[in-house]
Every structure is written in structure tokens, then in C-alpha cells.
$ cat work-v3.txt   # compact mmCIF, C-alpha atoms
# COMPACT_ATOMS: atom_id res chain seq x y z
CA MET A 1 109.91 48.32 -11.92
CA ILE A 2 109.91 45.26 -14.21
CA ALA A 3 113.63 44.70 -13.59
CA LEU A 4 113.37 44.69 -9.79
CA PRO A 5 113.14 40.86 -9.33
CA HIS A 6 116.47 40.40 -11.18
CA PHE A 7 117.98 43.38 -9.35
CA ARG A 8 116.97 41.83 -6.02
CA ARG A 9 119.17 38.79 -6.63
CA ILE A 10 122.20 41.00 -7.28
CA CYS A 11 121.80 43.57 -4.50
CA PRO A 12 119.15 42.95 -1.82
CA LEU A 13 120.17 46.06 0.13
CA CYS A 14 119.81 48.25 -2.96
CA THR A 15 116.37 46.77 -3.57
CA ILE A 16 115.27 47.65 -0.05
CA MET A 17 116.57 51.18 -0.56
CA ALA A 18 114.71 51.50 -3.86
CA TYR A 19 111.40 50.53 -2.26
CA ALA A 20 112.07 52.90 0.63
CA ILE A 21 112.68 55.80 -1.76
CA LEU A 22 109.54 54.94 -3.73
CA SER A 23 107.47 54.98 -0.54
CA LEU A 24 108.66 58.53 0.16
CA LEU A 25 107.60 59.90 -3.24
CA PRO A 26 104.60 62.25 -3.38
CA ILE A 27 101.23 60.57 -3.82
CA GLY A 28 100.86 62.06 -7.30
CA VAL A 29 104.05 60.37 -8.48
CA ALA A 30 102.93 56.99 -7.17
CA ALA A 31 99.58 57.48 -8.90
CA GLN A 32 101.35 58.04 -12.20
CA VAL A 33 102.98 54.63 -11.83
CA ALA A 34 99.63 52.90 -11.21
CA GLY A 35 97.56 54.94 -13.66
CA ASP A 36 96.72 58.48 -14.72
CA PRO A 37 96.03 60.84 -11.80
CA PRO A 38 92.88 62.98 -12.00
CA ALA A 39 93.31 66.11 -14.13
CA LEU A 40 92.69 69.44 -12.43
CA THR A 41 93.67 71.96 -15.12
CA PRO A 42 91.02 73.34 -17.51
CA GLY A 43 90.59 71.67 -20.90
CA LEU A 44 90.22 68.18 -22.32
CA HIS A 45 92.21 65.30 -20.86
CA ASN A 46 92.39 61.72 -22.15
CA LEU A 47 93.13 59.44 -19.19
CA LYS A 48 92.85 55.90 -17.86
CA LEU A 49 91.40 54.68 -14.58
CA PRO A 50 93.09 51.44 -13.50
CA ARG A 51 91.10 48.76 -11.66
CA ALA A 52 92.32 45.72 -9.78
CA ASP A 53 91.69 42.55 -11.80
CA GLU A 54 89.55 44.51 -14.28
CA PRO A 55 90.31 46.29 -17.57
CA ALA A 56 91.37 49.90 -17.14
CA ILE A 57 88.71 52.44 -18.08
CA GLY A 58 89.73 54.90 -20.76
CA TYR A 59 87.93 58.22 -20.48
CA THR A 60 87.96 61.84 -21.59
CA ILE A 61 87.23 64.53 -19.04
CA SER A 62 86.52 68.19 -19.69
CA ILE A 63 87.32 70.65 -16.91
CA PRO A 64 85.67 74.10 -17.27
CA GLY A 65 87.90 77.16 -17.41
CA ASN A 66 86.62 78.61 -14.14
CA TYR A 67 86.85 75.36 -12.14
CA SER A 68 87.97 75.72 -8.52
CA PRO A 69 88.10 72.90 -5.96
CA ALA A 70 86.42 75.33 -3.57
CA THR A 71 83.26 75.64 -5.67
CA PRO A 72 81.14 72.58 -6.56
CA VAL A 73 80.09 72.37 -10.21
CA PRO A 74 77.60 70.20 -12.13
CA LEU A 75 78.69 66.87 -13.61
CA ILE A 76 77.63 65.44 -16.96
CA LEU A 77 78.19 61.76 -17.74
CA ALA A 78 78.41 61.43 -21.54
CA LEU A 79 78.01 58.00 -23.18
CA HIS A 80 79.30 57.48 -26.70
CA PHE A 81 77.74 55.86 -29.77
CA GLY A 82 78.40 52.31 -30.93
CA VAL A 83 81.73 51.46 -32.54
CA GLY A 84 82.64 48.86 -35.12
CA GLY A 85 84.67 45.88 -34.04
CA GLY A 86 84.04 46.43 -30.34
CA ASP A 87 87.19 48.52 -29.77
CA ALA A 88 85.92 51.69 -28.11
CA ALA A 89 89.32 53.28 -27.38
CA GLY A 90 88.93 57.02 -27.86
CA ALA A 91 85.18 56.89 -28.54
CA GLY A 92 84.42 58.92 -25.42
CA GLY A 93 86.72 61.66 -26.67
CA SER A 94 85.06 61.54 -30.08
CA VAL A 95 81.52 62.10 -28.81
CA MET A 96 82.85 64.79 -26.48
CA GLN A 97 84.39 66.74 -29.36
CA ILE A 98 81.68 66.12 -31.96
CA LEU A 99 78.60 66.70 -29.83
CA ILE A 100 78.67 66.86 -26.03
CA GLY A 101 81.44 69.40 -25.46
CA PRO A 102 80.09 72.09 -27.82
CA ALA A 103 76.51 71.56 -26.64
CA PHE A 104 77.24 71.85 -22.91
CA ALA A 105 79.96 74.52 -23.13
CA GLY A 106 77.72 77.13 -21.46
CA LEU A 107 76.89 75.04 -18.40
CA GLY A 108 80.21 75.32 -16.54
CA ALA A 109 80.13 71.60 -15.77
CA ILE A 110 82.72 68.88 -15.61
CA VAL A 111 81.93 66.41 -18.39
CA VAL A 112 83.28 62.86 -18.28
CA ALA A 113 83.01 60.52 -21.26
CA PRO A 114 84.16 56.92 -20.69
CA ASP A 115 85.10 54.40 -23.38
CA SER A 116 82.78 51.42 -23.13
CA VAL A 117 84.20 48.07 -22.05
CA ARG A 118 83.59 45.43 -24.71
CA GLY A 119 80.01 46.16 -25.64
CA ASN A 120 76.80 48.03 -24.93
CA TRP A 121 76.34 50.40 -22.02
CA THR A 122 73.58 48.17 -20.67
CA SER A 123 75.93 45.24 -19.94
CA PRO A 124 76.82 44.42 -16.31
CA GLU A 125 80.48 44.99 -17.18
CA ASN A 126 79.79 48.53 -18.34
CA GLU A 127 77.48 49.23 -15.43
CA LYS A 128 80.34 48.36 -13.11
CA ALA A 129 82.87 50.41 -15.08
CA VAL A 130 80.70 53.53 -15.31
CA ASN A 131 79.85 53.43 -11.61
CA ALA A 132 83.54 53.06 -10.76
CA LEU A 133 84.37 56.09 -12.90
CA LEU A 134 81.58 58.14 -11.30
CA ASP A 135 82.86 57.19 -7.85
CA MET A 136 86.35 58.38 -8.79
CA VAL A 137 85.12 61.70 -10.19
CA LEU A 138 82.94 62.38 -7.15
CA ALA A 139 85.86 61.57 -4.86
CA HIS A 140 88.43 63.80 -6.59
CA TYR A 141 86.46 66.79 -7.86
CA ALA A 142 84.17 69.39 -6.32
CA ILE A 143 80.80 68.20 -7.67
CA ASP A 144 77.36 69.46 -6.74
CA ARG A 145 75.73 66.07 -6.20
CA LYS A 146 72.28 67.51 -6.79
CA LYS A 147 73.38 68.47 -10.31
CA VAL A 148 74.52 65.25 -11.98
CA ALA A 149 73.02 64.35 -15.35
CA VAL A 150 73.53 61.54 -17.85
CA THR A 151 73.42 62.03 -21.60
CA GLY A 152 74.55 60.13 -24.66
CA TYR A 153 74.07 59.58 -28.36
CA SER A 154 72.72 56.51 -30.19
CA MET A 155 74.04 53.55 -28.14
CA GLY A 156 74.81 56.20 -25.55
CA GLY A 157 71.26 57.52 -25.77
CA THR A 158 70.00 54.03 -25.00
CA GLY A 159 72.58 53.88 -22.21
CA SER A 160 71.27 57.17 -20.81
CA TRP A 161 67.77 55.75 -20.52
CA HIS A 162 69.22 52.60 -18.94
CA PHE A 163 71.41 54.26 -16.31
CA ALA A 164 68.72 56.78 -15.35
CA GLU A 165 66.21 53.95 -14.88
CA LYS A 166 68.50 51.54 -13.02
CA PHE A 167 70.57 54.00 -10.96
CA PRO A 168 68.23 56.99 -10.38
CA GLU A 169 69.94 57.82 -7.09
CA ARG A 170 73.08 58.80 -9.01
CA PHE A 171 71.46 61.37 -11.30
CA SER A 172 69.10 64.32 -11.26
CA ALA A 173 68.21 64.23 -14.97
CA ALA A 174 68.61 62.25 -18.19
CA ILE A 175 69.12 63.62 -21.71
CA PRO A 176 69.06 60.74 -24.23
CA VAL A 177 69.78 61.63 -27.85
CA ALA A 178 68.75 59.28 -30.70
CA GLY A 179 68.50 56.35 -28.31
CA ARG A 180 66.06 53.52 -27.70
CA PRO A 181 63.91 54.02 -24.58
CA PRO A 182 62.81 51.23 -22.24
CA ALA A 183 59.62 49.34 -23.09
CA SER A 184 57.80 50.98 -20.19
CA ALA A 185 58.25 54.07 -18.03
CA SER A 186 56.55 52.46 -15.04
CA GLY A 187 58.24 53.56 -11.83
CA TRP A 188 60.36 56.20 -13.60
CA ARG A 189 61.64 58.95 -11.28
CA LEU A 190 63.93 61.39 -13.12
CA PRO A 191 63.25 64.40 -15.35
CA VAL A 192 63.96 63.55 -19.00
CA LEU A 193 64.74 65.65 -22.04
CA ALA A 194 64.78 63.38 -25.10
CA ILE A 195 66.09 64.53 -28.48
CA HIS A 196 65.18 62.46 -31.51
CA SER A 197 64.82 62.91 -35.25
CA ARG A 198 61.72 61.76 -37.09
CA ASP A 199 64.06 60.76 -39.92
CA ASP A 200 66.21 58.44 -37.78
CA GLN A 201 66.60 55.27 -39.83
CA VAL A 202 68.29 53.28 -37.04
CA ALA A 203 66.52 54.14 -33.78
CA PRO A 204 62.82 54.71 -34.55
CA PHE A 205 61.25 57.96 -33.43
CA ASP A 206 57.87 56.59 -32.32
CA PRO A 207 59.02 54.68 -29.18
CA THR A 208 60.69 57.80 -27.81
CA GLU A 209 57.59 59.89 -28.51
CA ALA A 210 55.41 57.28 -26.80
CA ARG A 211 57.68 57.03 -23.76
CA ILE A 212 57.79 60.80 -23.23
CA ALA A 213 54.00 60.96 -23.51
CA GLU A 214 53.74 58.15 -20.95
CA LEU A 215 56.04 60.00 -18.55
CA GLN A 216 54.11 63.23 -18.97
CA GLY A 217 50.89 61.37 -18.26
CA ALA A 218 52.43 60.02 -15.06
CA GLY A 219 53.34 63.52 -13.90
CA VAL A 220 57.09 63.21 -14.57
CA LYS A 221 58.92 66.28 -15.91
CA ALA A 222 59.56 65.07 -19.44
CA LYS A 223 60.09 66.84 -22.73
CA LEU A 224 60.75 65.75 -26.30
CA ILE A 225 62.63 67.85 -28.84
CA PRO A 226 61.54 66.36 -32.19
CA LEU A 227 63.78 67.04 -35.18
CA THR A 228 63.28 66.55 -38.91
CA GLY A 229 65.68 66.20 -41.82
CA ILE A 230 68.50 64.69 -39.72
CA THR A 231 69.52 61.06 -40.16
CA HIS A 232 71.00 58.87 -37.45
CA TYR A 233 74.65 59.22 -38.37
CA GLU A 234 74.70 63.02 -38.62
CA THR A 235 75.84 63.34 -35.03
CA HIS A 236 77.07 66.93 -35.24
CA ARG A 237 73.69 68.15 -36.45
CA PHE A 238 72.19 67.39 -33.03
CA ARG A 239 74.32 70.09 -31.36
CA ASP A 240 71.81 72.93 -31.55
CA ALA A 241 69.04 70.81 -30.08
CA LEU A 242 71.31 69.53 -27.32
CA ARG A 243 72.27 73.12 -26.43
CA GLN A 244 68.68 73.50 -25.29
CA ALA A 245 69.52 71.09 -22.49
CA VAL A 246 71.53 73.82 -20.73
CA PRO A 247 68.56 76.11 -19.86
CA TRP A 248 66.39 73.02 -19.31
CA LEU A 249 68.84 71.67 -16.72
CA ARG A 250 69.08 75.01 -14.98
CA GLU A 251 65.30 75.00 -14.63
CA VAL A 252 65.32 71.41 -13.32
CA TRP A 253 68.06 72.27 -10.81
CA LYS A 254 66.33 75.33 -9.34
$ encode --input "work-v3.txt" --output "C-alpha cells"
Amino acid sequence: MIALPHFRRICPLCTIMAYAILSLLPIGVAAQVAGDPPALTPGLHNLKLPRADEPAIGYTISIPGNYSPATPVPLILALHFGVGGGDAAGAGGSVMQILIGPAFAGLGAIVVAPDSVRGNWTSPENEKAVNALLDMVLAHYAIDRKKVAVTGYSMGGTGSWHFAEKFPERFSAAIPVAGRPPASASGWRLPVLAIHSRDDQVAPFDPTEARIAELQGAGVKAKLIPLTGITHYETHRFRDALRQAVPWLREVWK
């Protein structure tokens, strides 16, 4: 495709024929030229979602083994931890493999884990990117729209609180892990299962405990799983606690 301008000067008719042939190719082939097409086969897939005049969104998506386009399944948005240097390429895949994938394996959900775009999940740029990715997934997969949850670890835990608060219409539940909650739960709408260690030396435990208590006092379905003996960077040690989100979600989704 890069050589076409030069080729046009040599053989205009051949150029016209080349574009005509390209227009007859299957949609999937054209999509491969523009960016990665959505994955439909079970397993983990590392892909990119191109955007006009915006950076492409790298993401990892997990398709459950029994997925069928005829049967809607739950969707989990998984937000990764912070990364050094600001280059988040592959970070979504890392949190998927270390924590989110093993923890949610029994749910039968599609899990999508984007790479953040130059910074924290709370930035307008990342809000736009995440919403674009969610729109794509909802358009191309059979998703039960009443069963969409957001989770994340550390920076992603903070992002989970943020997205659930700012875009409650997109989700049915939030599961922040080792994140920083908002300063107030006033006006909060979604069920929350927070997981936090008392020994977290980066994101203090007390604000999460206070926010869950505030939500419970306001009549919101909210639960805290407090842990001890786990420090902030021991991501894999949060798996067992996060597995408890599976029966919790099933109860929320009844």
C-alpha cells in the first residue's frame, strides 16, 4: 500500500485495478489492513484497536472456551496497574495473566484488558480510549449488557472506582483491588466489592474501609474483603480473594 503513489505514476490503469480488487476482498481481510479484527476463538488474544487521529489501543481479550455468538455472556473490563516510564504496552496482558484471568476463570465471561494511553485511567484520554474499546466489544461480541463489571488492580483499582462512579450506566458492578477510592460516595449507584490489604504500603487501607462503610450506610450493596500479610506489589497473592468475586457477581446479577 505504501508504494501505490509511485505505482500510480507508472500505470494508472493497474492502480485502478488494484483498488477494485481490494474493494472486493472480504471484510475481514480489509480489517486486517486497518487493524486487528476482533478475535472469536477461545483463549487469550493480544490485539490493537485503531482509531482515526488517535493512538491505537492495545488490549488483551480472553474468550471463554464455551463462547458462542448465539449466547450472550458477561463482560469484565480489567484495568492494569501502573507502569514505569509511561509505556503500558502489554500491561493489560500482564494483569490478565497474573491476576484477573485466573480469578475469573469460573465465570464464563469475556474479559478485556486495555493498555492505558499515556497515563492514569482517570485521564480524559483514557476515558475516551476505554469507552471506545467497550463500544467495539459490545458491537462485535454477544454480551449480556446487564452483566458488565469493571475491575482492576492498584492504578486499575483506582480506575475501577473512577469508571464506576463516572459511567455507571455502562456497568452493573465494580470490583476494585488495592485501589484508592473517591473522597466521597455521595450519589454512588453500583454494587461494589472492594479487596484491600491492611498491609498495603502504597494505597492505604483506611479510605477503602471508610468508603465501603459509607456505601453500606447509604443502602448500597457494598462489601469489603480485608486481607492481612500481603503488601502492595504481591499482585498474585490477591487471586484467592478476587475469586470470591465470581459468586458475588452471580448474586448481584440474579
$ residues_around --input "work-v3.txt" --residues "stretch 79-86 of chain A" --least-positions-apart "3" --cutoff "7 Å" --atoms "all atoms listed in the file" --output "NGL selection string"
:A and (91-92 or 95 or 113-114 or 118-119 or 151-156 or 159)
$ closest_residue --input "work-v3.txt" --among "A:Glu127, A:Pro69, A:Pro74, A:Met96" --to "A:Asn46" --atoms "only C-alpha atoms"
A:Met96
$ atom_distance --input "work-v3.txt" --atom1 "atom CA of A:His45" --atom2 "atom CA of A:Gly58"
10.7 Å
$ residues_around --input "work-v3.txt" --residues "stretch 185-197 of chain A" --least-positions-apart "5" --cutoff "8 Å" --atoms "all atoms listed in the file" --output "PyMOL selection string"
chain A and resi 164-165+168+171-179+205+208+211-212+214-215+220-232+241-242+245+252
$ closest_residue --input "work-v3.txt" --among "A:Leu133, A:Val117, A:Val73, A:Ala56" --to "A:Pro38" --atoms "only C-alpha atoms"
A:Leu133
$ closest_residue --input "work-v3.txt" --among "A:Ala129, A:Ile63, A:Leu49, A:Ala103" --to "A:Arg237" --atoms "all atoms listed in the file"
A:Ala103
$ closest_residue --input "work-v3.txt" --among "A:Lys166, A:Leu77, A:Val246, A:Trp253" --to "A:Asp135" --atoms "all atoms listed in the file"
A:Leu77
$ closest_residue --input "work-v3.txt" --among "A:Val130, A:Ala218, A:Leu249, A:Ala213" --to "A:Ala149" --atoms "all atoms listed in the file"
A:Leu249
$ closest_residue --input "work-v3.txt" --among "A:Arg170, A:Phe163, A:Leu107, A:Tyr233" --to "A:Asp200" --atoms "all atoms listed in the file"
A:Tyr233
$ atom_distance --input "work-v3.txt" --atom1 "atom CA of A:Pro102" --atom2 "atom CA of A:Arg239"
7.1 Å
$ residues_around --input "work-v3.txt" --residues "A:Asn66" --least-positions-apart "2" --cutoff "12 Å" --atoms "only C-alpha atoms" --output "list in words"
Leu40, Thr41, Pro42, Gly43, Ser62, Ile63, Pro64, Ser68, Pro69, Ala70, Thr71, Pro72, Val73, Ala105, Gly106, Leu107, Gly108, Ala109 and Ile110 of chain A
$ residues_around --input "work-v3.txt" --residues "A:Lys254" --least-positions-apart "6" --cutoff "12 Å" --atoms "all atoms listed in the file" --output "list in words"
Lys146, Lys147, Ser172, Pro247 and Trp248 of chain A
$ write_last_selection --input "work-v3.txt" --atoms "C-alpha atoms" --output "PDB file, in the frame of the given file"
ATOM      1  CA  LYS A 146      72.280  67.510  -6.790  1.00  0.00           C
ATOM      2  CA  LYS A 147      73.380  68.470 -10.310  1.00  0.00           C
ATOM      3  CA  SER A 172      69.100  64.320 -11.260  1.00  0.00           C
ATOM      4  CA  PRO A 247      68.560  76.110 -19.860  1.00  0.00           C
ATOM      5  CA  TRP A 248      66.390  73.020 -19.310  1.00  0.00           C
TER       6      TRP A 248
END
$ atom_distance --input "work-v3.txt" --atom1 "atom CA of A:Thr158" --atom2 "atom CA of A:Leu47"
24.5 Å
